[in-house]
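To keep things clear, I will list the structure first and then write my remarks on it.
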Amino acid sequence: MELQPIFIQILALAIFAVGIIVAISRRNLFFVLMGIELALNAVNLSFVGFAKTLPAEASLTGQIVPLFSIAIAAAEACVGFAMVILIFRNRESVDADSYSNMRG
Amino acid sequence: MTNLPLWLIPLFPLLGTILLGTIAVVSSGSKKGAAENIVGGLAVIFPAMSFACVTVLACGMPESGIRETLCNWIDFPLLHVDIGFLFDGLSRIMLLFVTGIGTLIALYSIGYMHGDRGFARFFAYINLFLFSMIVLVLSDNLLLTFFGWEGVGLCSYLLIGFWNKDLKNCKAANKAFIVNRVGDIGFLLGMLCLLSIGGAAVLNYDIFNQFMQMILNGGHLDLVFTLLTLTGVLFFVGCTGKSAQIPLLTWLPDAMAGPTPVSALIHAATMVTSGVYLVARMGKMFCMLPEVLLLIAFVGMFTALWAAITGLFQNDIKKVLAYSTISQLGYMFMAAGVCAFDASIFHVFTHAFFKAALFLGAGAVIHSLAGEQDMRKMGGLLKKTPVTACVMIFAFFAIVGFPGFAGFWSKDLILEKLVSNGPVIAMPFALGGSVNVPVGMILYVVGLATAVITAVYMGRLIIMTFFGEYRGSKESEAHIHEAPAVMLIPMVVLTFGSIFAGYLWADMIGITFFKDSLAAALGGAEAVGESILSVHHVNPVLFAVLGTLAALLGMFIAWRVYANKKIPTPKDSGAPEGSAAAWTFVWDYIHVGFVFPVRVIAWICDVVVDKFLQAFQWTLGAIGEILGDGASTFQVRRVRLQLALSITGVALIVLVALFAEGIVGIPDFVFKLIDSVKSLLGRVI
């Protein structure tokens, strides 16, 4: 059976859901970050999936933009981990529930 | 033909500025400051290299000039401006003396500023000034000229207020800056008018000249005459600001609060003449506008006379020279007002030498008297500082127009042109009929009278400073010393300039080198003007004789009045008065008349508009704050739950958006749900 575009979207949705659930349900900050990254990459996948529905020359943009987004995600992950490490040094804990200083 | 790029000329002072500025900033923390010989060497070498470039280019310049476009600056349908340079006869003359005298004065400043805490800062400013001035003169369009115009204004401000510990200096600097802004508005509006007449590219000088030629040839002058006259007046307002003409002349005497080399370079030799340069550059336009020319000539005439009379009553040696600068600038505008642009540029050229020499001499006197500027406390310095005295006396002969010296050639040329080019205007009488007024004759007579007064007040300065008995205190007399060699060398060079610069255009002995070198650049503006003004030829020897007699008469009066006069010991201090207006300057009070309504408007704005707006703003802010306080109670104070709620919210918004767009149909169970709720409610009620 040929690869239908909708299958890619379903896969992306599944990965996105997994990412969000991980980000919400885990208390460990590293898992939260990993969940967010997963969700982000699911979106990239969805982008490429939609690009595949277009004719070849028009789909080029859709394939290139995720590359940029991956590069930016890498940079963002660096910053995110640096912040996590700083917070960890400060609080000696990676439990997201213990960070409640900033409540309004 | 050499192939030196033109951008090298402004590049050197710019490099100097960056380098010296860095040194100034870095050394500002240390106690001793940067080493003076290194800083001074750097400060002189960059202008000197610039001067060398100009000299090489000047020798190999083709008749039509060198044009060079660096890059595009502004490009949209209404305005097209390139960053480009134009090196022709006019900018060649200006650049030669700007960089040449700039180098000499930088050298002089090493001696004058010795031991000053802001040594490196001073030279950074001087280099920045030279950069701006070079851009002003070298640019090939009005907008880039305006950039330089603002740049020199900024440097003038920075250098007048150089000793910023004293509030008076800061006030003088502010005054110079603000009065100049008034003129700059004229310049800006003038450019706007010009754009509206000539289209997007007209700011370029070449296209400007072609455009004016087209108007003249095509006989379309009537169509644009009103707007063109307005343009001319607005540009002239710009010039009155920069060149200290009536009514914007009040800043220049106060600008003497700066160090003396600054007064020599900026407020005598170069910056203040940029107004004359601009008029000459745009001569093609001005020569078609007889009314504007008349305005220029009369403003120049009144300024020359007024400043000369004011100069008679000054006791501060630098203020006398400041008024004399204003007066000489008046001469230049008189010449420009009768379409003798080459004569006015020639006077700019010779004036740069002798006025710089006079100022540097005054600086040397002040230096030797440890900061004393009051002429009433000087006297008899001829024996104590012979070299300075000789420099000043030679420059004095140049400014009064003694035969053979530089001022003689240029000033008499201007006076001659006033008569030969001066228009005759039919002035209608109130009772009917009209009378022919020989404007040129009026200008000439006032100009000659000004020449007499010039000789009187300059003679007074020389007599009070160098002759008679020393009038200062005994202990200060022992400390009087001649300036160091580093100051004397530039003074002597400038003295040679003020003796021999005039021989570049000596009509009487048949040398017209200066006129010929300018002819291509001015592009026949004079010929057009002369055809409009109906020139009649006159005998130059007669004018030379009359001019010489005027100078001799003035010197004689000065000698009779001041040589044997007992000068009273001063009661008030001779220190520069900052922004305080002297009584001779009615113009300061006239300015107040304009400033007062502005202050009233400012007060209304402050009290009514500003407060009202603030109240409005505060109300909005308060509402926002209250709403924010309310919203913050929705926070659940737990990171993960917050995140989950945020995501749910985003998902809901997306869903609603999709429903609203009709992309996704609302499922049936929602309607069923609503129906059941309704029926439930109906049963309850």
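Chain labels run A, B, ... following the order of the structure tokens; each chain numbers its residues from 1, and ligands are numbered from 1 in the order shown.
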Could you name the residues that touch A:Ile15 at 10 Å or less, counting only C-alpha atoms, but leaving out those on the same chain fewer than 2 positions away, as a compact mmCIF listing (two decimals) with N, CA and C atoms, in the first residue's frame?
```txt
# COMPACT_ATOMS: atom_id res chain seq x y z
N GLN A 9 0.27 12.42 8.93
CA GLN A 9 -0.35 13.34 9.87
C GLN A 9 -0.77 12.61 11.14
N ILE A 10 -1.25 11.39 10.97
CA ILE A 10 -1.68 10.64 12.16
C ILE A 10 -0.47 10.34 13.03
N LEU A 11 0.64 9.92 12.37
CA LEU A 11 1.86 9.65 13.13
C LEU A 11 2.31 10.91 13.87
N ALA A 12 2.26 12.04 13.17
CA ALA A 12 2.69 13.30 13.78
C ALA A 12 1.81 13.63 14.97
N LEU A 13 0.52 13.42 14.81
CA LEU A 13 -0.40 13.70 15.90
C LEU A 13 -0.09 12.82 17.10
N ALA A 17 1.04 14.13 20.67
CA ALA A 17 0.30 13.81 21.88
C ALA A 17 1.22 13.21 22.93
N VAL A 18 2.09 12.31 22.49
CA VAL A 18 3.03 11.70 23.44
C VAL A 18 3.89 12.79 24.08
N GLY A 19 4.38 13.69 23.20
CA GLY A 19 5.25 14.77 23.71
C GLY A 19 4.53 15.60 24.75
N ILE A 20 3.30 16.01 24.45
CA ILE A 20 2.58 16.88 25.37
C ILE A 20 2.28 16.15 26.68
N ILE A 21 1.89 14.88 26.54
CA ILE A 21 1.56 14.13 27.76
C ILE A 21 2.80 13.99 28.63
N GLY A 35 9.93 16.11 26.32
CA GLY A 35 8.57 16.08 25.79
C GLY A 35 8.31 17.24 24.85
N LEU A 38 9.97 16.66 21.60
CA LEU A 38 9.25 15.65 20.83
C LEU A 38 8.06 16.30 20.12
N ALA A 39 7.34 17.12 20.85
CA ALA A 39 6.17 17.79 20.27
C ALA A 39 6.61 18.68 19.10
N LEU A 40 7.72 19.37 19.30
CA LEU A 40 8.22 20.26 18.25
C LEU A 40 8.56 19.48 17.00
N ASN A 41 9.22 18.34 17.19
CA ASN A 41 9.61 17.55 16.03
C ASN A 41 8.41 16.91 15.36
N ALA A 42 7.37 16.65 16.12
CA ALA A 42 6.14 16.16 15.52
C ALA A 42 5.58 17.20 14.56
N VAL A 43 5.67 18.43 14.94
CA VAL A 43 5.19 19.50 14.07
C VAL A 43 6.01 19.55 12.80
N LEU A 45 7.49 17.11 11.41
CA LEU A 45 7.08 15.96 10.61
C LEU A 45 5.80 16.28 9.85
```
Going by DSSP on the backbone, which residues of stretch 546-646 of chain B come out as helix (DSSP H, G or I)? List them as a PyMOL selection string. chain B and resi 546-562+586-632+639-646
So that I can see what lies close to B:Ile45, please list as a list in words the residues with an atom at most 9 Å from it, counting only C-alpha atoms and leaving out residues fewer than 6 positions away in the same chain.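 Result of the neighbour search: Phe12, Gly16 and Thr103 of chain B.
The environment of stretch 28-33 of chain A within 6 Å, counting only C-alpha atoms and disregarding residues fewer than 3 places along the same chain, consists of Ala23, Ile36, Val94, Asp95 and Ala96 of chain A.
Atom CA of B:Ser139 sits 14.2 Å away from atom CA of B:Val54.
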Counting only C-alpha atoms, what is within 10 Å of A:Ile70, bar same-chain residues fewer than 4 positions away, as a list in words? Glu37, Leu40, Asn41, Asn44, Val65, Pro66, Ala74, Ala75 and Glu76 of chain A
For the residues selected in the previous step, produce a file with N, CA and C atoms as a PDB file, in the first residue's frame.
```
ATOM      1  N   GLU A  37      10.522  18.892  23.141  1.00  0.00           N
ATOM      2  CA  GLU A  37      11.280  18.667  21.901  1.00  0.00           C
ATOM      3  C   GLU A  37      10.542  17.691  20.994  1.00  0.00           C
ATOM      4  N   LEU A  40       7.718  19.370  19.300  1.00  0.00           N
ATOM      5  CA  LEU A  40       8.222  20.261  18.252  1.00  0.00           C
ATOM      6  C   LEU A  40       8.562  19.477  16.997  1.00  0.00           C
ATOM      7  N   ASN A  41       9.222  18.337  17.187  1.00  0.00           N
ATOM      8  CA  ASN A  41       9.610  17.546  16.027  1.00  0.00           C
ATOM      9  C   ASN A  41       8.409  16.914  15.362  1.00  0.00           C
ATOM     10  N   ASN A  44       7.342  19.401  12.948  1.00  0.00           N
ATOM     11  CA  ASN A  44       8.204  19.362  11.762  1.00  0.00           C
ATOM     12  C   ASN A  44       7.772  18.249  10.825  1.00  0.00           C
ATOM     13  N   VAL A  65      11.941  24.435   5.316  1.00  0.00           N
ATOM     14  CA  VAL A  65      11.622  25.144   6.553  1.00  0.00           C
ATOM     15  C   VAL A  65      11.842  24.268   7.788  1.00  0.00           C
ATOM     16  N   PRO A  66      11.459  22.988   7.794  1.00  0.00           N
ATOM     17  CA  PRO A  66      11.744  22.163   8.977  1.00  0.00           C
ATOM     18  C   PRO A  66      13.231  22.094   9.302  1.00  0.00           C
ATOM     19  N   ALA A  74      17.636  23.217  18.106  1.00  0.00           N
ATOM     20  CA  ALA A  74      18.886  22.839  18.767  1.00  0.00           C
ATOM     21  C   ALA A  74      19.380  23.984  19.635  1.00  0.00           C
ATOM     22  N   ALA A  75      19.350  25.189  19.065  1.00  0.00           N
ATOM     23  CA  ALA A  75      19.804  26.347  19.834  1.00  0.00           C
ATOM     24  C   ALA A  75      18.941  26.536  21.072  1.00  0.00           C
ATOM     25  N   GLU A  76      17.649  26.374  20.877  1.00  0.00           N
ATOM     26  CA  GLU A  76      16.718  26.582  21.979  1.00  0.00           C
ATOM     27  C   GLU A  76      16.931  25.536  23.073  1.00  0.00           C
TER      28      GLU A  76
END
```
Report the distance between atom CA of B:Val279 and atom CA of B:Val419 in Å, rounded to one decimal place.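 If I compute the distance from atom CA of B:Val279 to atom CA of B:Val419, I get 20.3 Å.
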Distance in Å - atom CA of B:Trp149 versus atom CA of B:Cys193: 18.6 Å
Dump as a PyMOL selection string the residues of chain B that approach chain A to within 8 Å, counting only C-alpha atoms. chain B and resi 632-633+635+637-641+643-644
